[in-house]
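Here is target_11.cif, consisting of mmCIF, C-alpha atoms and all ligand atoms:
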```
data_entry
#
loop_
_atom_site.label_atom_id
_atom_site.label_comp_id
_atom_site.auth_asym_id
_atom_site.auth_seq_id
_atom_site.Cartn_x
_atom_site.Cartn_y
_atom_site.Cartn_z
CA MET A 1498 0.00 0.00 0.00
CA THR A 1499 1.43 3.35 -1.10
CA TYR A 1500 1.95 5.65 1.85
CA VAL A 1501 4.36 8.48 0.97
CA VAL A 1502 4.39 9.79 -2.57
CA LEU A 1503 6.65 12.38 -4.16
CA ASP A 1504 5.38 13.38 -7.57
CA ASN A 1505 7.85 15.27 -9.76
CA VAL A 1506 9.13 17.38 -6.90
CA ILE A 1507 11.47 20.27 -7.71
CA LYS A 1508 13.28 22.46 -5.19
CA ARG A 1509 15.62 25.29 -6.08
CA TYR A 1510 17.79 27.47 -3.85
CA GLY A 1511 18.49 30.47 -6.07
CA LYS A 1512 20.32 29.00 -9.02
CA VAL A 1513 20.99 25.63 -7.33
CA LEU A 1514 18.62 22.89 -8.41
CA ALA A 1515 18.76 20.87 -5.18
CA VAL A 1516 15.95 18.43 -6.05
CA ASP A 1517 15.26 17.84 -9.71
CA LYS A 1518 11.93 16.18 -10.56
CA VAL A 1519 12.07 13.52 -7.87
CA SER A 1520 9.29 10.94 -7.92
CA LEU A 1521 9.19 8.25 -5.24
CA THR A 1522 6.57 5.97 -3.77
CA VAL A 1523 7.14 4.51 -0.33
CA ASN A 1524 4.86 1.72 0.90
CA LYS A 1525 3.37 1.48 4.35
CA GLY A 1526 5.82 -0.11 6.77
CA GLU A 1527 8.65 0.10 4.27
CA PHE A 1528 12.19 1.20 5.08
CA VAL A 1529 13.48 3.39 2.26
CA VAL A 1530 17.00 4.81 2.23
CA LEU A 1531 18.05 7.86 0.20
CA LEU A 1532 21.68 7.20 -0.67
CA GLY A 1533 24.08 9.47 -2.51
CA PRO A 1534 27.16 11.65 -2.32
CA SER A 1535 27.33 14.95 -0.48
CA GLY A 1536 25.20 17.65 -2.07
CA CYS A 1537 23.03 15.31 -4.16
CA GLY A 1538 19.80 16.53 -2.55
CA LYS A 1539 19.06 13.82 0.05
CA THR A 1540 18.55 16.15 3.01
CA THR A 1541 16.47 18.56 0.97
CA THR A 1542 14.23 15.69 -0.14
CA LEU A 1543 13.75 14.64 3.48
CA ARG A 1544 13.04 18.20 4.59
CA LEU A 1545 10.43 18.50 1.83
CA ILE A 1546 8.67 15.39 3.16
CA ALA A 1547 8.87 16.77 6.71
CA GLY A 1548 7.38 20.10 5.61
CA LEU A 1549 10.48 22.08 6.57
CA GLU A 1550 10.75 23.13 2.92
CA ILE A 1551 8.05 23.76 0.32
CA PRO A 1552 8.65 22.49 -3.23
CA ASP A 1553 8.76 24.88 -6.17
CA GLU A 1554 6.93 22.31 -8.26
CA GLY A 1555 5.38 18.90 -7.74
CA ARG A 1556 3.26 17.33 -5.02
CA ILE A 1557 3.80 15.34 -1.84
CA TYR A 1558 1.21 12.96 -0.38
CA ILE A 1559 1.19 11.15 2.95
CA ASP A 1560 -1.42 8.49 3.60
CA GLY A 1561 -3.48 9.65 0.64
CA VAL A 1562 -3.54 13.32 1.71
CA ASP A 1563 -1.90 16.10 -0.30
CA VAL A 1564 0.47 17.63 2.29
CA THR A 1565 2.50 19.76 -0.15
CA TYR A 1566 1.61 23.01 1.60
CA LYS A 1567 0.82 21.67 5.06
CA GLU A 1568 2.79 22.64 8.16
CA PRO A 1569 5.20 20.04 9.64
CA ALA A 1570 2.95 19.60 12.69
CA GLU A 1571 0.02 18.66 10.44
CA ARG A 1572 1.92 15.85 8.75
CA ASP A 1573 2.42 13.49 11.71
CA VAL A 1574 6.06 12.79 10.89
CA ALA A 1575 8.98 12.54 13.31
CA MET A 1576 12.46 13.56 12.30
CA VAL A 1577 15.78 12.50 13.79
CA PHE A 1578 18.82 14.50 12.76
CA GLN A 1579 22.52 13.77 12.84
CA ASP A 1580 23.03 16.24 15.67
CA TYR A 1581 20.21 15.07 17.85
CA ALA A 1582 19.11 17.47 20.55
CA ILE A 1583 18.02 16.15 23.90
CA TYR A 1584 17.28 18.27 26.95
CA PRO A 1585 20.33 17.79 29.19
CA HIS A 1586 18.69 19.04 32.40
CA MET A 1587 15.80 16.59 32.08
CA THR A 1588 15.89 12.91 32.98
CA VAL A 1589 15.74 10.26 30.28
CA TYR A 1590 12.11 9.61 31.22
CA GLN A 1591 11.20 13.29 30.90
CA ASN A 1592 12.97 13.54 27.57
CA ILE A 1593 11.11 10.60 26.10
CA ALA A 1594 7.77 11.60 27.59
CA PHE A 1595 8.07 15.19 26.39
CA PRO A 1596 6.37 14.82 22.96
CA LEU A 1597 3.47 13.03 24.67
CA GLU A 1598 3.19 15.57 27.48
CA VAL A 1599 2.82 18.46 25.03
CA ARG A 1600 0.14 16.62 23.11
CA LYS A 1601 -1.58 14.76 25.90
CA ARG A 1602 -4.83 16.66 25.59
CA LYS A 1603 -5.02 16.25 21.86
CA LEU A 1604 -4.09 12.57 22.06
CA ARG A 1605 -6.26 12.07 25.20
CA LEU A 1606 -3.48 10.40 27.13
CA SER A 1607 -3.56 9.72 30.86
CA LYS A 1608 -0.42 9.72 33.01
CA LYS A 1609 -0.55 5.93 32.95
CA ASP A 1610 -0.82 5.81 29.14
CA ILE A 1611 2.27 8.00 28.92
CA GLU A 1612 4.16 5.80 31.38
CA GLU A 1613 3.29 2.70 29.42
CA ARG A 1614 4.38 4.14 26.12
CA VAL A 1615 7.65 5.46 27.49
CA MET A 1616 8.40 2.09 29.11
CA ARG A 1617 7.62 0.19 25.92
CA ILE A 1618 9.92 2.23 23.73
CA ALA A 1619 12.64 2.42 26.40
CA LYS A 1620 12.61 -1.38 26.70
CA LEU A 1621 12.83 -1.82 22.93
CA LEU A 1622 15.84 0.47 22.81
CA GLN A 1623 17.33 -1.05 25.97
CA ILE A 1624 17.47 2.19 27.91
CA ASP A 1625 14.78 1.31 30.47
CA HIS A 1626 17.41 1.04 33.21
CA LEU A 1627 18.45 4.66 32.55
CA LEU A 1628 15.08 6.37 32.88
CA ASP A 1629 15.94 8.24 36.10
CA ARG A 1630 19.33 9.47 34.91
CA LYS A 1631 19.93 13.02 33.79
CA ALA A 1632 20.37 13.05 30.04
CA SER A 1633 23.67 14.89 30.43
CA GLN A 1634 25.07 11.86 32.29
CA LEU A 1635 24.78 9.48 29.33
CA SER A 1636 27.24 8.27 26.72
CA GLY A 1637 26.85 9.43 23.11
CA GLY A 1638 25.25 6.13 22.10
CA GLN A 1639 22.80 6.25 24.98
CA GLN A 1640 21.91 9.87 24.16
CA GLN A 1641 21.23 8.90 20.57
CA ARG A 1642 18.91 6.14 21.73
CA VAL A 1643 17.05 8.63 23.90
CA ALA A 1644 16.67 10.87 20.84
CA LEU A 1645 15.34 7.92 18.81
CA ALA A 1646 12.97 6.95 21.61
CA ARG A 1647 11.67 10.50 21.80
CA ALA A 1648 11.09 10.61 18.05
CA LEU A 1649 9.27 7.28 18.10
CA VAL A 1650 7.25 7.48 21.27
CA ARG A 1651 4.26 9.09 19.65
CA GLU A 1652 4.33 6.48 16.90
CA PRO A 1653 4.28 8.86 13.98
CA LYS A 1654 2.97 7.98 10.54
CA VAL A 1655 6.39 8.44 9.04
CA TRP A 1656 9.79 8.36 10.61
CA LEU A 1657 12.37 10.57 8.87
CA MET A 1658 16.04 10.17 9.72
CA ASP A 1659 19.00 12.17 8.47
CA GLU A 1660 22.28 10.34 9.14
CA PRO A 1661 21.16 9.57 12.70
CA LEU A 1662 24.12 7.28 13.39
CA SER A 1663 26.97 9.34 12.04
CA ASN A 1664 27.96 10.85 15.40
CA LEU A 1665 28.30 7.46 17.07
CA ASP A 1666 31.52 5.52 17.32
CA ALA A 1667 31.86 2.47 15.11
CA LEU A 1668 30.87 -0.23 17.59
CA ILE A 1669 27.81 1.55 18.97
CA ARG A 1670 26.80 2.50 15.45
CA LEU A 1671 26.53 -1.17 14.49
CA GLN A 1672 24.53 -1.94 17.60
CA VAL A 1673 22.09 0.96 17.20
CA ARG A 1674 21.79 0.23 13.46
CA ALA A 1675 20.55 -3.28 14.18
CA GLU A 1676 18.19 -2.04 16.89
CA LEU A 1677 16.81 0.60 14.59
CA LYS A 1678 15.92 -1.91 11.94
CA ARG A 1679 14.35 -4.27 14.49
CA LEU A 1680 12.32 -1.45 16.02
CA GLN A 1681 11.05 -0.25 12.66
CA ARG A 1682 9.95 -3.81 11.86
CA ASP A 1683 8.32 -4.37 15.24
CA LEU A 1684 6.37 -1.12 15.15
CA GLY A 1685 5.60 -1.37 11.42
CA ILE A 1686 6.58 2.28 10.95
CA THR A 1687 7.25 3.71 7.51
CA ALA A 1688 10.82 4.99 7.55
CA ILE A 1689 12.78 7.23 5.19
CA TYR A 1690 16.46 7.42 6.01
CA VAL A 1691 19.22 9.56 4.53
CA THR A 1692 22.83 8.44 4.35
CA HIS A 1693 25.90 8.62 2.17
CA ASP A 1694 27.10 5.33 3.68
CA GLN A 1695 26.37 2.47 1.32
CA VAL A 1696 26.80 -0.20 3.99
CA GLU A 1697 24.14 1.46 6.10
CA ALA A 1698 21.89 1.66 3.05
CA LEU A 1699 22.38 -1.96 2.03
CA THR A 1700 21.86 -3.29 5.55
CA LEU A 1701 18.84 -1.20 6.55
CA ALA A 1702 16.77 -0.68 3.44
CA ASP A 1703 13.89 -2.56 1.91
CA ARG A 1704 14.48 -0.28 -1.06
CA ILE A 1705 17.22 2.23 -1.82
CA ALA A 1706 16.84 5.40 -3.87
CA VAL A 1707 20.31 6.23 -5.19
CA MET A 1708 20.54 9.97 -5.81
CA ASN A 1709 22.97 12.05 -7.82
CA ALA A 1710 22.82 15.73 -8.72
CA GLY A 1711 19.27 16.18 -7.41
CA ARG A 1712 17.85 13.17 -9.22
CA VAL A 1713 16.92 9.63 -8.28
CA VAL A 1714 19.17 7.55 -10.52
CA GLN A 1715 17.75 4.19 -9.44
CA PHE A 1716 15.13 3.01 -6.96
CA GLY A 1717 15.24 -0.67 -6.09
CA THR A 1718 15.95 -3.37 -3.53
CA PRO A 1719 19.50 -3.62 -2.20
CA ARG A 1720 19.99 -6.70 -4.41
CA GLU A 1721 18.82 -4.88 -7.52
CA ILE A 1722 20.98 -1.88 -6.74
CA TYR A 1723 23.99 -4.10 -6.16
CA ASP A 1724 23.60 -6.69 -8.90
CA ALA A 1725 21.73 -4.80 -11.58
CA PRO A 1726 22.77 -1.14 -11.50
CA ARG A 1727 20.77 0.79 -14.11
CA HIS A 1728 23.44 3.46 -14.37
CA VAL A 1729 27.22 3.45 -14.22
CA PHE A 1730 26.99 5.91 -11.30
CA VAL A 1731 25.18 3.29 -9.18
CA GLY A 1732 27.77 0.63 -10.02
CA THR A 1733 30.63 2.86 -8.98
CA PHE A 1734 28.96 4.47 -5.95
CA VAL A 1735 27.74 1.22 -4.37
CA GLY A 1736 30.16 -1.59 -3.54
CA ASN A 1737 33.45 -1.71 -1.72
CA PRO A 1738 35.58 -1.73 -3.75
CA PRO A 1739 33.17 -0.45 -6.42
CA MET A 1740 32.33 -2.11 -9.71
CA ASN A 1741 35.25 -2.35 -12.14
CA ILE A 1742 34.56 -0.30 -15.26
CA LEU A 1743 36.44 -0.96 -18.49
CA ARG A 1744 36.08 0.82 -21.83
CA CYS A 1745 35.27 -1.47 -24.77
CA ARG A 1746 35.11 -0.55 -28.47
CA PRO A 1747 32.84 -2.33 -30.94
CA SER A 1748 34.64 -3.89 -33.90
CA GLY A 1749 32.32 -5.91 -36.11
CA ASP A 1750 30.92 -8.86 -34.19
CA LEU A 1751 33.33 -8.31 -31.31
CA MET A 1752 34.01 -5.78 -28.60
CA GLN A 1753 37.65 -4.88 -27.97
CA CYS A 1754 38.20 -4.57 -24.23
CA PRO A 1755 41.52 -4.08 -22.41
CA GLY A 1756 43.30 -7.43 -22.76
CA PHE A 1757 40.25 -9.38 -23.99
CA THR A 1758 37.39 -9.44 -26.48
CA LEU A 1759 33.68 -9.97 -26.01
CA ARG A 1760 30.82 -10.74 -28.36
CA ASN A 1761 29.26 -7.50 -29.57
CA PRO A 1762 25.62 -7.44 -28.42
CA GLY A 1763 24.86 -5.03 -31.27
CA VAL A 1764 26.27 -1.72 -30.13
CA LYS A 1765 27.81 0.87 -32.44
CA ASN A 1766 29.47 3.15 -29.89
CA GLU A 1767 31.98 2.66 -27.15
CA VAL A 1768 30.53 1.05 -24.01
CA TYR A 1769 31.58 0.54 -20.40
CA PHE A 1770 31.91 -3.06 -19.28
CA GLY A 1771 31.11 -3.31 -15.56
CA ILE A 1772 31.96 -6.25 -13.32
CA ARG A 1773 31.99 -6.41 -9.53
CA PRO A 1774 35.31 -7.47 -7.93
CA GLU A 1775 33.80 -10.60 -6.37
CA TYR A 1776 32.39 -11.86 -9.66
CA ILE A 1777 35.85 -12.53 -11.04
CA GLU A 1778 37.48 -15.95 -10.53
CA TRP A 1779 41.26 -16.13 -10.59
CA SER A 1780 43.96 -18.69 -11.12
CA THR A 1781 47.74 -18.73 -11.24
CA LYS A 1782 47.68 -21.10 -14.23
CA PRO A 1783 46.24 -20.47 -17.70
CA VAL A 1784 42.57 -21.46 -17.89
CA GLU A 1785 40.42 -21.63 -21.01
CA GLY A 1786 38.65 -18.34 -21.69
CA ALA A 1787 40.65 -16.54 -19.00
CA VAL A 1788 42.04 -13.03 -19.34
CA LYS A 1789 45.72 -12.75 -18.60
CA GLY A 1790 46.96 -10.00 -16.31
CA VAL A 1791 49.79 -9.06 -14.00
CA VAL A 1792 49.44 -8.59 -10.25
CA TYR A 1793 49.99 -4.96 -9.33
CA VAL A 1794 49.47 -5.23 -5.58
CA VAL A 1795 47.57 -7.44 -3.11
CA GLU A 1796 45.62 -5.90 -0.23
CA PRO A 1797 44.55 -8.21 2.59
CA ILE A 1798 41.35 -7.00 4.32
CA GLY A 1799 40.80 -9.41 7.20
CA SER A 1800 39.02 -12.47 5.88
CA GLU A 1801 39.30 -11.34 2.24
CA TYR A 1802 41.87 -10.10 -0.22
CA ILE A 1803 41.72 -7.48 -2.94
CA ILE A 1804 44.03 -8.34 -5.83
CA ASN A 1805 44.81 -5.35 -8.05
CA VAL A 1806 45.52 -6.62 -11.54
CA LYS A 1807 46.87 -4.78 -14.58
CA LEU A 1808 45.27 -5.98 -17.79
CA ASP A 1809 47.30 -3.72 -20.03
CA SER A 1810 49.18 -0.46 -19.68
CA GLU A 1811 46.06 1.44 -18.63
CA ALA A 1812 43.45 -0.89 -17.22
CA LEU A 1813 43.69 -1.81 -13.55
CA ILE A 1814 40.98 -3.96 -12.06
CA LYS A 1815 40.22 -5.22 -8.59
CA VAL A 1816 39.39 -8.82 -7.74
CA LYS A 1817 37.89 -9.65 -4.35
CA THR A 1818 38.45 -13.15 -3.06
CA VAL A 1819 38.13 -15.21 0.12
CA ARG A 1820 40.82 -17.66 -1.05
CA GLU A 1821 44.24 -17.16 0.47
CA VAL A 1822 46.48 -15.13 -1.81
CA THR A 1823 50.26 -15.59 -1.83
CA LEU A 1824 50.77 -13.78 -5.13
CA GLN A 1825 53.42 -11.08 -5.40
CA PRO A 1826 53.50 -7.92 -7.54
CA GLY A 1827 54.58 -8.82 -11.05
CA ASP A 1828 53.18 -12.39 -10.95
CA GLU A 1829 51.00 -13.54 -13.83
CA ILE A 1830 47.33 -14.13 -13.03
CA TYR A 1831 44.40 -15.46 -15.08
CA LEU A 1832 40.95 -14.00 -14.59
CA VAL A 1833 37.57 -15.44 -15.53
CA PHE A 1834 34.69 -12.96 -15.49
CA ASP A 1835 31.24 -14.23 -14.57
CA LEU A 1836 29.65 -12.67 -17.64
CA LYS A 1837 26.12 -13.31 -16.33
CA LYS A 1838 26.94 -10.76 -13.65
CA ALA A 1839 28.54 -8.21 -15.99
CA VAL A 1840 26.67 -5.06 -17.01
CA LEU A 1841 27.22 -2.94 -20.11
CA PHE A 1842 26.64 0.81 -19.93
CA ASP A 1843 26.32 3.38 -22.67
CA SER A 1844 29.53 5.43 -22.46
CA GLU A 1845 27.73 8.69 -23.26
CA THR A 1846 24.62 8.52 -21.10
CA GLY A 1847 25.92 6.05 -18.48
CA ALA A 1848 22.65 4.10 -18.71
CA ALA A 1849 22.72 0.29 -18.55
CA LEU A 1850 22.21 -1.27 -21.97
CA SER A 1851 20.05 -4.25 -21.07
P1 LIG A 1901 25.01 16.11 2.47
O1 LIG A 1901 25.16 14.63 2.48
O2 LIG A 1901 26.32 16.84 2.33
O3 LIG A 1901 24.15 16.63 3.59
P2 LIG A 1901 22.77 16.22 0.64
O4 LIG A 1901 22.75 15.15 -0.38
O5 LIG A 1901 21.89 16.04 1.82
O6 LIG A 1901 24.26 16.49 1.11
P3 LIG A 1901 21.42 18.73 0.30
O7 LIG A 1901 21.77 19.21 1.68
O8 LIG A 1901 20.03 18.31 0.07
O9 LIG A 1901 22.40 17.55 -0.11
O10 LIG A 1901 21.83 19.86 -0.72
C1 LIG A 1901 21.56 19.79 -2.11
C2 LIG A 1901 22.07 21.05 -2.79
O11 LIG A 1901 21.33 22.18 -2.36
C3 LIG A 1901 23.52 21.37 -2.49
O12 LIG A 1901 24.10 21.91 -3.65
C4 LIG A 1901 23.42 22.40 -1.39
O13 LIG A 1901 24.56 23.23 -1.39
C5 LIG A 1901 22.17 23.14 -1.76
N1 LIG A 1901 21.46 23.68 -0.57
C6 LIG A 1901 20.93 22.95 0.43
N2 LIG A 1901 20.31 23.74 1.32
C7 LIG A 1901 20.47 25.03 0.89
C8 LIG A 1901 20.05 26.31 1.36
N3 LIG A 1901 19.35 26.44 2.48
N4 LIG A 1901 20.41 27.39 0.63
C9 LIG A 1901 21.10 27.26 -0.51
N5 LIG A 1901 21.52 26.09 -1.02
C10 LIG A 1901 21.21 24.98 -0.35
#
```
Take the structure from the file and write it as C-alpha cells.
Amino acid sequence: MTYVVLDNVIKRYGKVLAVDKVSLTVNKGEFVVLLGPSGCGKTTTLRLIAGLEIPDEGRIYIDGVDVTYKEPAERDVAMVFQDYAIYPHMTVYQNIAFPLEVRKRKLRLSKKDIEERVMRIAKLLQIDHLLDRKASQLSGGQQQRVALARALVREPKVWLMDEPLSNLDALIRLQVRAELKRLQRDLGITAIYVTHDQVEALTLADRIAVMNAGRVVQFGTPREIYDAPRHVFVGTFVGNPPMNILRCRPSGDLMQCPGFTLRNPGVKNEVYFGIRPEYIEWSTKPVEGAVKGVVYVVEPIGSEYIINVKLDSEALIKVKTVREVTLQPGDEIYLVFDLKKAVLFDSETGAALS
C-alpha cells in the first residue's frame, strides 16, 4: 500500500537545483533509504517530506492526503537528525515523555498511558534502566537512543532520519543500526532514512533510492541496486571496492576490451563493461577463456583479499576473493569474469544497456 508519494518534486535554492523532478513511492511499513554523495539533494528531499521546505513544483502525499503546503505539525512525521538534541537538564524519562506531554490533551493520554508508552519504547531500545538518569550523564550512544525513543514514542505515521548514526563511534553505530531496523519492523513504521554510507543503506533498506545531482538515478531493492545497476553511477557508488569499469570498443561482431574481447551485443558506440570485484574468478595457471593479467598489488582485508591486476598499460581492475592469496607484484594471473553478472553501460549517457 502506497503511503508516501513524491510526484515530480522540484526544489531550487536560487540557481541551485537541489531536487530535480524527484518521484518516489514509499509503501506502508517500508524502510526506504536515500543514498548518494554529499550535495546530491538527500537532506532537501527529506526536509520536503517533513514540511520544513516547500517544493517549487510537484506534489507530496502522505497516507493519501496532499500535504504539499501543510505545516510540519500537520503531517504526523517525526524527524531525527545527525546532531540530535536532547534536553540535558531533564531525565531520560522526561525527555522521552516530552512529545506526549505536550500533546496529551489532543491525544487524550492519561499519566498511565504516557508511562506505558515510554516504558515500551525504552525497553525496545534497551534504555529502560536509565530512565531516572539526567540526560547529560549518558554516553553518546545512549543519548542517541534517547533521541530515537523521543522521536518514536508518539508512533508517527512516518519516521524521517538524516544520518542519525553518524555521530556514534563504530561499535555503537553497528549496535544501534541493528536495533533501529528491528524497532522499525516491530512497530511497522514507515521509515525514510538519509545516508551517504552504502553499507548502512544496504543493511537497513527494503528499497534504496540512489541519488545524484538532485535526481533519483535508481530506486530498487539492495539486491537490484547491487547486482543490476541501471546506471554506471550506481555501479561505482555502491560496492566496496566499487564495480570495475572498463572501456570497450565495438569492432564488427566483437568488442575490444583491455586485454580481452567480447561478443558484440549489437552496439555501435563505445561502451563501459562493468563487473563487480567478487564476480571474477582467478587462477595462477592459464585457464580456457581466462584473461591474462599481471598482479599490481595485493591488499589483505581481514578475511578477504583485494588483488589489483593490470590488464594492459592502462586498465587496472580489482578482484575480491576469500581464497588465500600468496601472489606477489609482477606475478601472472588469469581472470575469468562471470559474464552473467557483468553489465554494459552506454559510455555517453551512463545508462545500462540491457
Ligand atoms: P550532504 O550529504 O552533504 O548533507 P545532501 O545530499 O543532503 O548532502 P542537500 O543538503 O540536500 O544535499 O543539498 C543539495 C544542494 O542544495 C547542495 O548543492 C546544497 O549546497 C544546496 N542547498 C541545500 N540547502 C540550501 C540552502 N538552504 N540554501 C542554498 N543552497 C542549499
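For the atom pair formed by atom CA of A:Ala1702 and atom CA of A:Leu1521, the distance is 14.6 Å, given to one decimal.
Each of A:Val1714, A:Val1513, A:Val1529, A:Leu1743 was compared to A:Leu1813 using only C-alpha atoms, and A:Leu1743 turns out to be the nearest.
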Counting all atoms listed in the file, which residue out of A:Ile1618, A:Val1516, A:Ile1546, A:Leu1665 sits closest to A:Tyr1581?
A:Leu1665
Sorted by chain and rising residue number, which residues of chain A lie within 9 Å of ligand LIG 1901 (chain A), and what are their closest atom pairs and distances in Å to one decimal, counting all atoms listed in the file, as a Markdown table?
```
| residue | atom | partner | partner_atom | distance |
| --- | --- | --- | --- | --- |
| A:Lys1508 | CA | A:LIG1901 | O11 | 8.5 |
| A:Arg1509 | CA | A:LIG1901 | O11 | 7.5 |
| A:Tyr1510 | CA | A:LIG1901 | C9 | 4.7 |
| A:Gly1511 | CA | A:LIG1901 | C9 | 6.9 |
| A:Lys1512 | CA | A:LIG1901 | N5 | 8.6 |
| A:Val1513 | CA | A:LIG1901 | O11 | 6.1 |
| A:Leu1514 | CA | A:LIG1901 | O11 | 6.7 |
| A:Ala1515 | CA | A:LIG1901 | O11 | 4.0 |
| A:Val1516 | CA | A:LIG1901 | C1 | 7.0 |
| A:Leu1531 | CA | A:LIG1901 | O4 | 8.7 |
| A:Leu1532 | CA | A:LIG1901 | O4 | 8.0 |
| A:Gly1533 | CA | A:LIG1901 | O4 | 6.2 |
| A:Pro1534 | CA | A:LIG1901 | O4 | 6.0 |
| A:Ser1535 | CA | A:LIG1901 | O2 | 3.5 |
| A:Gly1536 | CA | A:LIG1901 | O9 | 3.4 |
| A:Cys1537 | CA | A:LIG1901 | O4 | 3.8 |
| A:Gly1538 | CA | A:LIG1901 | O8 | 3.2 |
| A:Lys1539 | CA | A:LIG1901 | O4 | 3.9 |
| A:Thr1540 | CA | A:LIG1901 | O5 | 3.5 |
| A:Thr1541 | CA | A:LIG1901 | O8 | 3.7 |
| A:Thr1542 | CA | A:LIG1901 | O8 | 6.4 |
| A:Leu1543 | CA | A:LIG1901 | O8 | 8.0 |
| A:Arg1544 | CA | A:LIG1901 | O8 | 8.3 |
| A:Asp1659 | CA | A:LIG1901 | O5 | 8.2 |
| A:Glu1660 | CA | A:LIG1901 | O1 | 8.4 |
| A:Val1691 | CA | A:LIG1901 | O5 | 7.5 |
| A:Thr1692 | CA | A:LIG1901 | O1 | 6.9 |
| A:His1693 | CA | A:LIG1901 | O1 | 6.1 |
| A:Met1708 | CA | A:LIG1901 | O4 | 7.8 |
| A:Asn1709 | CA | A:LIG1901 | O4 | 8.1 |
| A:Ala1710 | CA | A:LIG1901 | C1 | 7.9 |
| A:Gly1711 | CA | A:LIG1901 | C1 | 6.8 |
```
Using C-alpha atoms, can you export the residues from the last selection as a PDB file, in the frame of the given file?
```
ATOM      1  CA  LYS A1508      13.280  22.460  -5.190  1.00  0.00           C
ATOM      2  CA  ARG A1509      15.620  25.290  -6.080  1.00  0.00           C
ATOM      3  CA  TYR A1510      17.790  27.470  -3.850  1.00  0.00           C
ATOM      4  CA  GLY A1511      18.490  30.470  -6.070  1.00  0.00           C
ATOM      5  CA  LYS A1512      20.320  29.000  -9.020  1.00  0.00           C
ATOM      6  CA  VAL A1513      20.990  25.630  -7.330  1.00  0.00           C
ATOM      7  CA  LEU A1514      18.620  22.890  -8.410  1.00  0.00           C
ATOM      8  CA  ALA A1515      18.760  20.870  -5.180  1.00  0.00           C
ATOM      9  CA  VAL A1516      15.950  18.430  -6.050  1.00  0.00           C
ATOM     10  CA  LEU A1531      18.050   7.860   0.200  1.00  0.00           C
ATOM     11  CA  LEU A1532      21.680   7.200  -0.670  1.00  0.00           C
ATOM     12  CA  GLY A1533      24.080   9.470  -2.510  1.00  0.00           C
ATOM     13  CA  PRO A1534      27.160  11.650  -2.320  1.00  0.00           C
ATOM     14  CA  SER A1535      27.330  14.950  -0.480  1.00  0.00           C
ATOM     15  CA  GLY A1536      25.200  17.650  -2.070  1.00  0.00           C
ATOM     16  CA  CYS A1537      23.030  15.310  -4.160  1.00  0.00           C
ATOM     17  CA  GLY A1538      19.800  16.530  -2.550  1.00  0.00           C
ATOM     18  CA  LYS A1539      19.060  13.820   0.050  1.00  0.00           C
ATOM     19  CA  THR A1540      18.550  16.150   3.010  1.00  0.00           C
ATOM     20  CA  THR A1541      16.470  18.560   0.970  1.00  0.00           C
ATOM     21  CA  THR A1542      14.230  15.690  -0.140  1.00  0.00           C
ATOM     22  CA  LEU A1543      13.750  14.640   3.480  1.00  0.00           C
ATOM     23  CA  ARG A1544      13.040  18.200   4.590  1.00  0.00           C
ATOM     24  CA  ASP A1659      19.000  12.170   8.470  1.00  0.00           C
ATOM     25  CA  GLU A1660      22.280  10.340   9.140  1.00  0.00           C
ATOM     26  CA  VAL A1691      19.220   9.560   4.530  1.00  0.00           C
ATOM     27  CA  THR A1692      22.830   8.440   4.350  1.00  0.00           C
ATOM     28  CA  HIS A1693      25.900   8.620   2.170  1.00  0.00           C
ATOM     29  CA  MET A1708      20.540   9.970  -5.810  1.00  0.00           C
ATOM     30  CA  ASN A1709      22.970  12.050  -7.820  1.00  0.00           C
ATOM     31  CA  ALA A1710      22.820  15.730  -8.720  1.00  0.00           C
ATOM     32  CA  GLY A1711      19.270  16.180  -7.410  1.00  0.00           C
TER      33      GLY A1711
END
```
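Each of A:Val1673, A:Leu1832, A:Ala1698, A:Val1822 was checked against A:Val1788 using only C-alpha atoms; the smallest atom-to-atom distance is that of A:Leu1832.
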Closest of A:Arg1704, A:His1586, A:Arg1642, A:Arg1670 to A:Glu1721, counting all atoms listed in the file, is A:Arg1704
Give me, as a ChimeraX atom specification, all polymer residues having an atom no more than 12 Å from stretch 1752-1766 of chain A, counting only C-alpha atoms and skipping those fewer than 5 positions away in the same chain.
/A:1742-1747,1771,1786-1791,1806-1814,1831-1834,1836,1839-1846,1850-1851
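The spacing separating atom CA of A:Trp1656 from atom CA of A:Thr1522 amounts to 14.9 Å.
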Env of A:Ile1722: 9 Å cut, atoms = only C-alpha atoms, seq-sep filter 3 positions within chain, self excluded. Answer as a list in words.
Leu1699, Arg1704, Ile1705, Ala1706, Val1707, Gln1715, Phe1716, Gly1717, Thr1718, Pro1719, Ala1725, Pro1726, Arg1727, Val1731, Gly1732 and Val1735 of chain A
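Atom CA of A:Ala1848 is found 21.8 Å from atom CA of A:Asp1750.
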